>>> print(open('target.txt').read())   # compact mmCIF, C-alpha atoms
# COMPACT_ATOMS: atom_id res chain seq x y z
CA MET A 2 -79.94 18.31 69.15
CA ASN A 3 -82.67 20.96 68.98
CA ASP A 4 -86.15 19.64 69.64
CA PRO A 5 -89.38 21.64 69.20
CA ARG A 6 -91.08 19.77 72.04
CA ALA A 7 -91.31 21.03 75.59
CA LEU A 8 -88.91 19.12 77.82
CA PRO A 9 -89.19 18.11 81.49
CA ALA A 10 -87.46 20.60 83.78
CA THR A 11 -84.41 18.43 84.53
CA GLU A 12 -83.94 17.46 80.90
CA LEU A 13 -84.39 21.07 79.79
CA LYS A 14 -81.69 22.23 82.20
CA GLN A 15 -79.28 19.58 80.95
CA HIS A 16 -80.11 20.40 77.34
CA MET A 17 -79.47 24.13 77.83
CA LEU A 18 -76.25 23.43 79.72
CA ALA A 19 -75.02 21.30 76.81
CA LEU A 20 -75.89 24.10 74.37
CA GLY A 21 -73.99 26.63 76.47
CA GLN A 22 -70.92 24.41 76.78
CA ALA A 23 -70.92 23.75 73.04
CA ALA A 24 -71.29 27.48 72.32
CA ARG A 25 -68.35 28.31 74.60
CA ARG A 26 -66.13 25.77 72.82
CA ALA A 27 -67.24 27.06 69.41
CA SER A 28 -66.64 30.66 70.47
CA ARG A 29 -62.95 29.94 70.94
CA VAL A 30 -62.73 28.38 67.48
CA VAL A 31 -64.49 31.20 65.66
CA ALA A 32 -62.60 33.88 67.63
CA ARG A 33 -59.27 32.64 66.28
CA SER A 34 -60.55 32.14 62.72
CA THR A 35 -59.48 34.53 59.99
CA THR A 36 -61.62 37.16 58.32
CA ALA A 37 -61.41 35.17 55.08
CA VAL A 38 -62.79 32.04 56.76
CA ARG A 39 -65.73 33.88 58.33
CA ASN A 40 -66.50 35.66 55.06
CA ALA A 41 -66.40 32.33 53.22
CA ALA A 42 -68.91 30.90 55.70
CA LEU A 43 -71.24 33.85 55.13
CA GLU A 44 -70.98 33.55 51.34
CA ALA A 45 -71.68 29.82 51.47
CA ALA A 46 -74.65 30.31 53.79
CA ALA A 47 -76.05 32.94 51.43
CA GLY A 48 -75.76 30.46 48.57
CA ALA A 49 -77.52 27.81 50.64
CA LEU A 50 -80.41 30.17 51.40
CA GLU A 51 -80.89 30.82 47.70
CA ARG A 52 -80.63 27.16 46.76
CA GLU A 53 -83.02 26.05 49.49
CA LEU A 54 -85.60 28.70 48.63
CA GLU A 55 -88.45 26.23 48.17
CA ALA A 56 -87.67 24.37 51.39
CA LEU A 57 -87.54 27.65 53.31
CA LEU A 58 -90.87 28.77 51.87
CA ALA A 59 -92.43 25.40 52.73
CA ALA A 60 -91.23 25.66 56.33
CA ASN A 61 -92.52 29.21 56.54
CA ALA A 62 -95.89 28.16 55.06
CA ALA A 63 -96.24 25.56 57.84
CA ASP A 64 -95.53 28.26 60.45
CA LEU A 65 -98.06 30.59 58.81
CA GLU A 66 -100.72 27.88 58.74
CA MET A 67 -100.25 27.24 62.45
CA ALA A 68 -100.30 30.98 63.26
CA ARG A 69 -103.54 31.52 61.35
CA ALA A 70 -105.12 28.52 63.08
CA GLN A 71 -104.23 30.12 66.41
CA GLY A 72 -105.91 33.39 65.39
CA ALA A 73 -102.88 35.58 64.68
CA ASP A 74 -103.77 39.03 63.35
CA ALA A 75 -102.74 40.48 59.99
CA ALA A 76 -99.81 42.47 61.40
CA PHE A 77 -98.38 39.35 63.06
CA ILE A 78 -98.79 37.31 59.87
CA ASP A 79 -96.96 40.04 57.96
CA ARG A 80 -93.99 39.89 60.36
CA LEU A 81 -93.91 36.10 60.16
CA THR A 82 -94.07 35.88 56.37
CA LEU A 83 -90.80 35.33 54.48
CA GLY A 84 -91.69 35.09 50.79
CA ALA A 85 -89.19 34.63 47.99
CA LYS A 86 -88.19 38.29 48.20
CA GLY A 87 -87.53 37.92 51.92
CA VAL A 88 -85.29 34.89 51.41
CA ARG A 89 -83.29 36.68 48.73
CA SER A 90 -83.02 39.70 51.00
CA MET A 91 -81.59 37.51 53.79
CA ALA A 92 -78.99 36.12 51.39
CA ALA A 93 -78.09 39.63 50.25
CA GLY A 94 -77.78 40.68 53.89
CA LEU A 95 -75.29 37.90 54.59
CA ARG A 96 -73.21 38.95 51.61
CA GLN A 97 -73.29 42.57 52.72
CA VAL A 98 -72.04 41.63 56.19
CA ALA A 99 -69.21 39.72 54.51
CA THR A 100 -68.10 42.95 52.81
CA LEU A 101 -67.98 44.96 56.04
CA PRO A 102 -64.64 45.70 57.71
CA ASP A 103 -63.72 43.12 60.34
CA PRO A 104 -63.27 44.78 63.75
CA VAL A 105 -61.65 41.73 65.38
CA GLY A 106 -57.95 42.20 66.10
CA GLU A 107 -57.97 45.90 65.26
CA MET A 108 -55.42 47.74 67.41
CA SER A 109 -55.72 51.41 68.31
CA GLY A 110 -54.05 54.01 70.46
CA LEU A 111 -50.62 52.39 70.54
CA ALA A 112 -48.28 54.79 72.30
CA PHE A 113 -44.88 54.57 73.94
CA ARG A 114 -44.73 55.06 77.70
CA PRO A 115 -41.72 56.54 79.52
CA SER A 116 -40.70 52.99 80.51
CA GLY A 117 -40.29 52.11 76.82
CA ILE A 118 -43.28 49.78 76.53
CA GLN A 119 -46.05 50.41 74.00
CA VAL A 120 -49.62 50.37 75.31
CA GLY A 121 -52.76 50.19 73.17
CA ARG A 122 -56.06 48.41 72.77
CA MET A 123 -57.23 45.49 70.65
CA ARG A 124 -60.81 44.65 69.62
CA VAL A 125 -61.91 41.16 70.59
CA PRO A 126 -65.20 39.23 70.34
CA LEU A 127 -67.57 39.25 73.30
CA GLY A 128 -67.70 35.43 73.25
CA VAL A 129 -71.19 33.89 73.32
CA VAL A 130 -74.17 36.08 72.48
CA GLY A 131 -77.70 35.00 73.36
CA ILE A 132 -80.40 36.65 71.24
CA ILE A 133 -84.11 36.39 72.04
CA TYR A 134 -86.61 37.67 69.49
CA GLU A 135 -90.17 37.26 68.34
CA ALA A 136 -91.87 36.40 65.07
CA ARG A 137 -89.48 37.74 62.40
CA PRO A 138 -87.54 34.81 60.87
CA ASN A 139 -85.17 37.15 59.02
CA VAL A 140 -83.66 38.08 62.39
CA THR A 141 -82.23 34.54 62.55
CA ALA A 142 -80.05 35.18 59.51
CA ASP A 143 -79.18 38.78 60.41
CA ALA A 144 -78.20 37.97 63.99
CA ALA A 145 -76.22 34.87 63.04
CA ALA A 146 -74.34 36.80 60.35
CA LEU A 147 -73.35 39.66 62.65
CA CYS A 148 -72.25 37.34 65.45
CA LEU A 149 -70.24 35.18 63.05
CA LYS A 150 -68.51 38.12 61.34
CA SER A 151 -67.54 39.62 64.72
CA GLY A 152 -66.03 36.31 65.86
CA ASN A 153 -68.76 35.36 68.32
CA ALA A 154 -70.77 32.20 68.81
CA CYS A 155 -74.50 32.71 69.29
CA ILE A 156 -77.53 30.98 70.75
CA LEU A 157 -80.70 32.22 69.07
CA ARG A 158 -84.18 31.80 70.45
CA GLY A 159 -86.84 33.01 68.03
CA GLY A 160 -90.58 33.12 68.56
CA SER A 161 -92.27 29.73 68.87
CA GLU A 162 -94.51 30.64 65.93
CA ALA A 163 -91.48 30.72 63.60
CA VAL A 164 -89.77 27.54 64.82
CA ARG A 165 -89.87 25.73 61.46
CA SER A 166 -88.66 28.77 59.51
CA ASN A 167 -85.86 29.37 61.98
CA GLN A 168 -84.67 25.78 61.89
CA ALA A 169 -84.61 25.85 58.08
CA ILE A 170 -82.54 29.05 58.12
CA ALA A 171 -80.23 27.51 60.74
CA ALA A 172 -79.61 24.54 58.46
CA CYS A 173 -78.36 26.93 55.76
CA MET A 174 -76.12 28.72 58.25
CA HIS A 175 -74.67 25.35 59.35
CA GLU A 176 -73.94 24.44 55.76
CA GLY A 177 -72.00 27.67 55.38
CA LEU A 178 -70.09 27.08 58.61
CA ARG A 179 -69.13 23.51 57.67
CA SER A 180 -67.96 24.58 54.22
CA ALA A 181 -65.54 27.01 55.87
CA GLY A 182 -64.31 24.49 58.44
CA LEU A 183 -66.15 26.01 61.39
CA PRO A 184 -68.30 24.03 63.85
CA ASP A 185 -72.11 24.07 63.61
CA GLU A 186 -72.23 25.22 67.23
CA VAL A 187 -71.06 28.71 66.23
CA VAL A 188 -74.75 29.28 65.43
CA GLN A 189 -77.30 27.39 67.53
CA VAL A 190 -81.02 28.02 67.09
CA LEU A 191 -83.25 26.74 69.86
CA GLY A 192 -86.04 24.52 68.63
CA ILE A 193 -87.57 24.27 72.10
CA THR A 194 -90.77 26.32 72.31
CA ASP A 195 -91.04 26.10 76.10
CA ARG A 196 -90.64 29.57 77.67
CA ALA A 197 -88.53 27.96 80.38
CA ALA A 198 -85.74 27.72 77.79
CA VAL A 199 -85.54 31.52 77.78
CA GLY A 200 -85.33 31.56 81.57
CA ALA A 201 -82.46 29.10 81.42
CA LEU A 202 -80.61 30.96 78.66
CA ILE A 203 -80.63 34.33 80.43
CA THR A 204 -79.15 32.89 83.62
CA MET A 205 -76.29 30.84 82.08
CA LYS A 206 -73.63 33.28 83.20
CA ASP A 207 -70.79 30.76 82.85
CA HIS A 208 -71.57 30.06 79.21
CA VAL A 209 -73.23 33.20 77.78
CA ASP A 210 -71.58 36.62 77.88
CA VAL A 211 -74.38 38.95 76.79
CA ILE A 212 -78.11 38.79 76.01
CA VAL A 213 -79.81 40.82 73.28
CA PRO A 214 -83.64 40.87 73.44
CA ARG A 215 -85.41 42.02 70.27
CA GLY A 216 -89.16 42.42 70.44
CA GLY A 217 -91.97 44.08 72.33
CA LYS A 218 -91.70 45.94 75.60
CA SER A 219 -93.06 43.04 77.69
CA LEU A 220 -90.37 40.69 76.37
CA ILE A 221 -87.57 43.18 77.00
CA GLU A 222 -88.85 44.03 80.47
CA ARG A 223 -88.94 40.34 81.38
CA ILE A 224 -85.42 39.72 80.08
CA SER A 225 -84.05 42.82 81.83
CA SER A 226 -85.57 41.87 85.19
CA GLU A 227 -84.69 38.18 85.15
CA ALA A 228 -81.32 38.06 83.37
CA ARG A 229 -78.15 37.29 85.31
CA ILE A 230 -76.07 38.29 82.29
CA PRO A 231 -75.47 41.80 80.84
CA VAL A 232 -78.29 42.85 78.49
CA ILE A 233 -78.03 45.12 75.41
CA LYS A 234 -81.48 46.62 74.96
CA HIS A 235 -83.88 49.49 74.61
CA LEU A 236 -87.34 49.50 76.17
CA ASP A 237 -89.09 52.37 74.42
CA GLY A 238 -88.67 54.58 71.38
CA VAL A 239 -90.28 57.83 72.49
CA CYS A 240 -88.60 59.98 69.84
CA HIS A 241 -88.97 63.75 69.47
CA VAL A 242 -88.53 66.35 66.77
CA TYR A 243 -88.14 69.92 68.02
CA ILE A 244 -88.77 72.71 65.51
CA ASP A 245 -86.73 75.70 66.68
CA ALA A 246 -87.68 79.33 66.10
CA SER A 247 -85.02 79.68 63.39
CA ALA A 248 -86.06 76.55 61.50
CA ASP A 249 -86.53 76.65 57.74
CA HIS A 250 -90.26 76.01 57.31
CA ASP A 251 -90.00 73.62 54.38
CA LYS A 252 -87.23 71.60 56.06
CA ALA A 253 -89.27 71.40 59.24
CA VAL A 254 -92.38 70.12 57.48
CA ALA A 255 -90.43 67.56 55.41
CA ILE A 256 -88.52 66.24 58.44
CA ALA A 257 -91.57 66.03 60.71
CA ASP A 258 -93.56 64.29 57.97
CA ASN A 259 -90.84 61.70 57.30
CA ALA A 260 -90.10 61.14 60.99
CA LYS A 261 -93.73 60.24 61.64
CA THR A 262 -95.24 58.80 58.47
CA HIS A 263 -92.34 56.99 56.77
CA ARG A 264 -93.20 53.98 58.96
CA TYR A 265 -95.39 53.95 62.04
CA GLY A 266 -94.29 50.78 63.79
CA THR A 267 -90.55 51.37 64.20
CA CYS A 268 -88.67 52.40 67.33
CA ASN A 269 -87.15 55.45 65.61
CA THR A 270 -90.49 56.95 64.54
CA MET A 271 -91.31 60.38 66.00
CA GLU A 272 -93.98 60.15 68.69
CA THR A 273 -93.95 63.75 69.97
CA LEU A 274 -93.53 66.96 67.95
CA LEU A 275 -92.28 70.01 69.83
CA ILE A 276 -92.58 73.39 68.15
CA HIS A 277 -91.39 76.85 69.18
CA ALA A 278 -94.20 79.26 70.07
CA ASP A 279 -93.06 81.70 67.36
CA LEU A 280 -93.74 79.07 64.67
CA ALA A 281 -97.00 77.71 66.06
CA ALA A 282 -99.28 80.01 64.05
CA PRO A 283 -97.48 79.73 60.69
CA LEU A 284 -96.64 76.01 60.84
CA LEU A 285 -99.16 74.12 62.96
CA PRO A 286 -102.10 74.48 60.52
CA ARG A 287 -99.87 73.32 57.67
CA LEU A 288 -98.53 70.37 59.64
CA SER A 289 -101.98 69.48 60.92
CA ALA A 290 -103.43 69.38 57.41
CA LEU A 291 -100.54 67.25 56.18
CA PHE A 292 -100.74 64.70 58.98
CA ARG A 293 -104.51 64.44 58.80
CA SER A 294 -104.34 63.87 55.04
CA LYS A 295 -102.32 60.76 55.90
CA GLY A 296 -104.69 59.57 58.61
CA VAL A 297 -102.59 60.60 61.61
CA GLU A 298 -104.52 61.39 64.78
CA LEU A 299 -103.15 64.49 66.53
CA ARG A 300 -103.24 65.13 70.28
CA GLY A 301 -102.11 68.58 71.37
CA CYS A 302 -101.43 70.71 74.43
CA GLU A 303 -103.63 73.72 75.21
CA ARG A 304 -101.38 76.10 73.28
CA THR A 305 -101.42 73.76 70.27
CA ARG A 306 -105.22 73.52 70.37
CA ALA A 307 -105.49 77.31 70.55
CA VAL A 308 -104.02 77.32 67.02
CA VAL A 309 -105.77 74.15 65.78
CA PRO A 310 -108.97 74.04 67.86
CA ASP A 311 -110.37 70.76 66.52
CA MET A 312 -107.31 68.77 67.64
CA ALA A 313 -107.84 66.26 70.46
CA ALA A 314 -106.45 67.20 73.87
CA ALA A 315 -103.21 65.50 74.92
CA SER A 316 -103.07 63.91 78.37
CA GLU A 317 -100.01 63.54 80.56
CA ASP A 318 -99.76 59.92 79.41
CA ASP A 319 -99.45 61.03 75.78
CA TRP A 320 -96.07 62.63 76.45
CA TYR A 321 -94.74 59.24 77.59
CA ALA A 322 -96.40 57.23 74.82
CA GLU A 323 -94.69 55.12 72.20
CA TYR A 324 -97.70 54.78 69.93
CA LEU A 325 -96.17 52.71 67.12
CA ALA A 326 -99.28 53.86 65.28
CA PRO A 327 -100.59 56.87 63.28
CA ILE A 328 -100.96 59.00 66.42
CA LEU A 329 -98.82 62.04 67.24
CA ALA A 330 -98.56 64.18 70.36
CA VAL A 331 -97.86 67.89 69.73
CA ARG A 332 -96.64 70.50 72.21
CA VAL A 333 -95.81 74.21 71.85
CA VAL A 334 -92.73 75.25 73.86
CA ASP A 335 -91.15 78.62 74.62
CA GLY A 336 -87.67 77.74 73.44
CA LEU A 337 -84.73 75.39 73.46
CA ASP A 338 -84.53 75.08 77.25
CA GLN A 339 -88.15 73.97 77.52
CA ALA A 340 -87.75 71.56 74.59
CA ILE A 341 -84.69 69.91 76.17
CA ASP A 342 -86.46 69.77 79.54
CA HIS A 343 -89.46 68.04 77.93
CA ILE A 344 -87.24 65.48 76.21
CA SER A 345 -85.32 64.83 79.44
CA THR A 346 -88.57 64.35 81.37
CA TYR A 347 -90.60 62.24 78.94
CA GLY A 348 -88.13 60.78 76.44
CA SER A 349 -86.66 57.29 76.38
CA ALA A 350 -83.08 58.25 75.39
CA HIS A 351 -83.54 56.67 71.97
CA THR A 352 -83.48 59.28 69.16
CA ASP A 353 -84.24 63.00 69.18
CA ALA A 354 -83.84 65.72 66.53
CA ILE A 355 -83.79 69.49 66.24
CA VAL A 356 -84.69 71.48 63.14
CA THR A 357 -82.84 74.78 63.29
CA GLU A 358 -80.70 77.24 61.34
CA HIS A 359 -79.10 78.49 64.57
CA HIS A 360 -75.66 76.88 64.97
CA GLY A 361 -75.45 77.57 68.70
CA HIS A 362 -78.83 75.97 69.34
CA ALA A 363 -77.85 72.95 67.25
CA MET A 364 -74.64 72.47 69.23
CA ARG A 365 -76.45 72.85 72.56
CA PHE A 366 -79.03 70.28 71.50
CA LEU A 367 -76.28 67.83 70.53
CA ARG A 368 -74.48 68.32 73.85
CA GLU A 369 -77.43 68.43 76.23
CA VAL A 370 -79.91 65.88 74.90
CA ASP A 371 -78.78 62.61 76.47
CA SER A 372 -80.05 60.13 73.90
CA SER A 373 -78.34 57.33 72.00
CA SER A 374 -78.81 59.25 68.72
CA VAL A 375 -79.15 63.04 68.52
CA MET A 376 -79.75 64.72 65.16
CA VAL A 377 -79.69 68.16 63.57
CA ASN A 378 -81.91 68.85 60.56
CA ALA A 379 -82.53 65.17 59.85
CA SER A 380 -85.37 62.70 60.35
CA THR A 381 -85.27 60.37 63.34
CA ARG A 382 -85.84 57.52 60.88
CA PHE A 383 -82.11 57.60 60.08
CA ALA A 384 -81.35 55.95 63.47
CA ASP A 385 -80.63 52.59 61.89
CA GLY A 386 -77.61 50.37 61.40
CA PHE A 387 -77.77 50.42 57.60
CA GLU A 388 -78.13 54.20 57.49
CA TYR A 389 -75.19 54.63 59.87
CA GLY A 390 -72.97 52.46 57.69
CA LEU A 391 -72.92 49.59 60.19
CA GLY A 392 -74.68 47.08 57.95
CA ALA A 393 -77.38 45.03 59.63
CA GLU A 394 -77.76 45.80 63.31
CA ILE A 395 -78.24 43.42 66.21
CA GLY A 396 -80.52 45.99 67.85
CA ILE A 397 -80.49 49.47 69.34
CA SER A 398 -79.20 50.18 72.83
CA THR A 399 -80.30 53.08 75.00
CA ASP A 400 -77.97 51.98 77.80
CA LYS A 401 -74.68 53.78 78.33
CA LEU A 402 -72.62 50.60 78.80
CA HIS A 403 -71.34 48.78 76.79
CA ALA A 404 -72.81 49.79 73.44
CA ARG A 405 -75.10 52.73 72.67
CA GLY A 406 -77.31 53.41 69.66
CA PRO A 407 -77.48 50.97 66.72
CA VAL A 408 -75.35 47.94 67.61
CA GLY A 409 -73.40 46.53 64.67
CA LEU A 410 -70.16 44.59 64.44
CA GLU A 411 -68.16 46.91 66.67
CA GLY A 412 -70.86 46.72 69.34
CA LEU A 413 -70.41 42.93 69.39
CA THR A 414 -66.77 43.33 70.36
CA SER A 415 -64.95 44.60 73.41
CA GLN A 416 -61.46 46.02 73.87
CA LYS A 417 -58.57 44.68 75.85
CA TYR A 418 -55.28 46.38 76.61
CA VAL A 419 -52.19 45.12 74.83
CA VAL A 420 -48.62 45.86 75.85
CA LEU A 421 -45.60 45.49 73.53
CA GLY A 422 -42.15 45.29 74.98
CA ASP A 423 -38.69 43.90 74.24
CA GLY A 424 -37.50 42.39 77.51
CA HIS A 425 -38.78 45.33 79.54
CA VAL A 426 -39.04 44.90 83.30
CA ARG A 427 -40.54 47.33 85.79
CA ALA A 428 -38.03 49.25 87.86
>>> encode(input="target.txt", output="structure tokens")
Amino acid sequence: MNDPRALPATELKQHMLALGQAARRASRVVARSTTAVRNAALEAAAGALERELEALLAANAADLEMARAQGADAAFIDRLTLGAKGVRSMAAGLRQVATLPDPVGEMSGLAFRPSGIQVGRMRVPLGVVGIIYEARPNVTADAAALCLKSGNACILRGGSEAVRSNQAIAACMHEGLRSAGLPDEVVQVLGITDRAAVGALITMKDHVDVIVPRGGKSLIERISSEARIPVIKHLDGVCHVYIDASADHDKAVAIADNAKTHRYGTCNTMETLLIHADLAAPLLPRLSALFRSKGVELRGCERTRAVVPDMAAASEDDWYAEYLAPILAVRVVDGLDQAIDHISTYGSAHTDAIVTEHHGHAMRFLREVDSSSVMVNASTRFADGFEYGLGAEIGISTDKLHARGPVGLEGLTSQKYVVLGDGHVRA
């Protein structure tokens, strides 16, 4: 049914409507399936990925050839490339998701009421999840696996540059679904490269329950502004590390180093370092030398540059910046209040950390910093589904409803009230 060609507007609308209707029907089938059936589908799909390694690499090679012909840069080519290791990693990811606890049907909070009824909550799938992402083909397998395990159907729209890779991965997922007795339509991967398909998907409120955009800021901003369906998203990852006056110096240096230089292009990478004025003189030269040895450009406030004079001056825009590059903004603050105020003013509510040996300051930071992940004496790079024990994540949410932080299986479910009685009637 999927077709990589652009379709006329009327035909595109009908095509997307048919996809949505099929996804809704499939969502009811997968929602009532057992954990064993869904796990079997994941295991079979993993086996298909491994067996079809050569076909997957051939499809990916065709995508890479087209991307190079269109002038894609090295970073884009890297994101698009699968490789044998990447295919095996996708298969391993499916198997890992199969081992995770199944949240569907889990009941909690059951309690007797004075009337004699029991009231509690049960976890249920969201229904149909639409996921829009860019050039990484591995997202196709990760997203499909998480949606399947949590009892949801999904409609996936990857970047047009990866259309052949994504269709090849989808074929393996369909093989796994069929082997477990589930319909192919539990996982649908759009082959249409026309951007109008995205516009249709994000407005199909009768057939799609939630949209998850994964990609650059421009993509997420577009989805957020145009969607007529709830969106799970984050726009920016302006993450901070605050080094408190009581911080252990070695811990502070190790955490700041890892938070910035472990990987530059991730949303949980530190972009601004805040440091207490009492530690500026003893720590800033050490940190500056370390970062510069790794090629990190530093941009500091006036107080920072008074300690490290050859550092570039930070502008107001630097405090808002998500560099995704070896650039770091540095600011000296007078204490915890000023650090929290800075994070509240310039942060993106993604991930922020404090390095401190003062328990009271740690607890205040945890309570008062309103971000999706808040850390004490740990690198911001831990804000990740695998590190949190969630397995692969569908994305990270900085919204407060419905999910917040890394979104794994539980974030792809909702809760409904359940009531247990034995002929009870209300007086």
>>> closest_atom_pairs(input="target.txt", of="stretch 212-320 of chain A", to="stretch 130-135 of chain A", cutoff="10 Å", atoms="all atoms listed in the file", output="CSV")
residue,atom,partner,partner_atom,distance
A:Ile212,CA,A:Gly131,CA,4.6
A:Val213,CA,A:Ile132,CA,4.7
A:Pro214,CA,A:Ile133,CA,4.7
A:Arg215,CA,A:Tyr134,CA,4.6
A:Gly216,CA,A:Tyr134,CA,5.5
A:Gly217,CA,A:Glu135,CA,8.1
A:Leu220,CA,A:Tyr134,CA,8.4
A:Ile221,CA,A:Ile133,CA,9.1
A:Ile224,CA,A:Ile133,CA,8.8
A:Ile230,CA,A:Gly131,CA,9.7
A:Val232,CA,A:Gly131,CA,9.4
A:Ile233,CA,A:Ile132,CA,9.7
>>> atom_distance(input="target.txt", atom1="atom CA of A:Ala379", atom2="atom CA of A:Ile355")
7.8 Å
>>> closest_residue(input="target.txt", among="A:Cys148, A:Leu367, A:Ala45, A:Met91", to="A:Ile341", atoms="all atoms listed in the file")
A:Leu367
>>> atom_distance(input="target.txt", atom1="atom CA of A:His241", atom2="atom CA of A:Glu394")
22.0 Å
>>> closest_residue(input="target.txt", among="A:Ser180, A:Ser373, A:Thr352, A:Gln339", to="A:Thr267", atoms="only C-alpha atoms")
A:Thr352
>>> atom_distance(input="target.txt", atom1="atom CA of A:Ala23", atom2="atom CA of A:Val209")
10.8 Å
>>> residues_around(input="target.txt", residues="stretch 416-418 of chain A", least_positions_apart="4", cutoff="10 Å", atoms="all atoms listed in the file", output="list in words")
Val105, Gly106, Glu107, Met108, Ser109, Gly110, Leu111, Val120, Gly121, Arg122, Met123, Arg124, Val125, Pro126, Leu127 and Glu411 of chain A
>>> residues_near_point(input="target.txt", point="(-78.3, 71.2, 70.1)", cutoff="12 Å", atoms="all atoms listed in the file", output="ChimeraX atom specification")
/A:242-245,336-338,340-341,353-372,375-378
>>> closest_residue(input="target.txt", among="A:Arg80, A:Lys150, A:Arg306, A:Lys14", to="A:Gln97", atoms="only C-alpha atoms")
A:Lys150
>>> residues_around(input="target.txt", residues="A:Arg26", least_positions_apart="6", cutoff="12 Å", atoms="all atoms listed in the file", output="ChimeraX atom specification")
/A:19-20,32-33,128-129,153-155,183-188,208-209
>>> closest_residue(input="target.txt", among="A:Ile328, A:Cys302, A:Ala228, A:Ala404", to="A:Lys206", atoms="only C-alpha atoms")
A:Ala228
>>> closest_atom_pairs(input="target.txt", of="stretch 233-266 of chain A", to="stretch 293-300 of chain A", cutoff="10 Å", atoms="all atoms listed in the file", output="CSV")
residue,atom,partner,partner_atom,distance
A:Asp258,CA,A:Lys295,CA,9.7
A:Lys261,CA,A:Val297,CA,8.9
A:Thr262,CA,A:Lys295,CA,7.8
A:Tyr265,CA,A:Val297,CA,9.8
>>> axis_aligned_box(input="target.txt", around="stretch 394-401 of chain A", padding_each_side="4 Å", output="lines of an AutoDock Vina configuration file")
center_x = -77.6
center_y = 48.6
center_z = 70.8
size_x = 13.8
size_y = 18.4
size_z = 23.0
>>> closest_residue(input="target.txt", among="A:Gln119, A:Thr204, A:Thr82, A:Thr399", to="A:Asp423", atoms="all atoms listed in the file")
A:Gln119
>>> residues_around(input="target.txt", residues="A:Arg137", least_positions_apart="5", cutoff="10 Å", atoms="all atoms listed in the file", output="MDAnalysis selection string")
chainID A and resid 77:83 159:160 162:163 166:167 215:216
>>> closest_residue(input="target.txt", among="A:Pro9, A:Pro104, A:Gly152, A:Gly177", to="A:Glu44", atoms="all atoms listed in the file")
A:Gly177
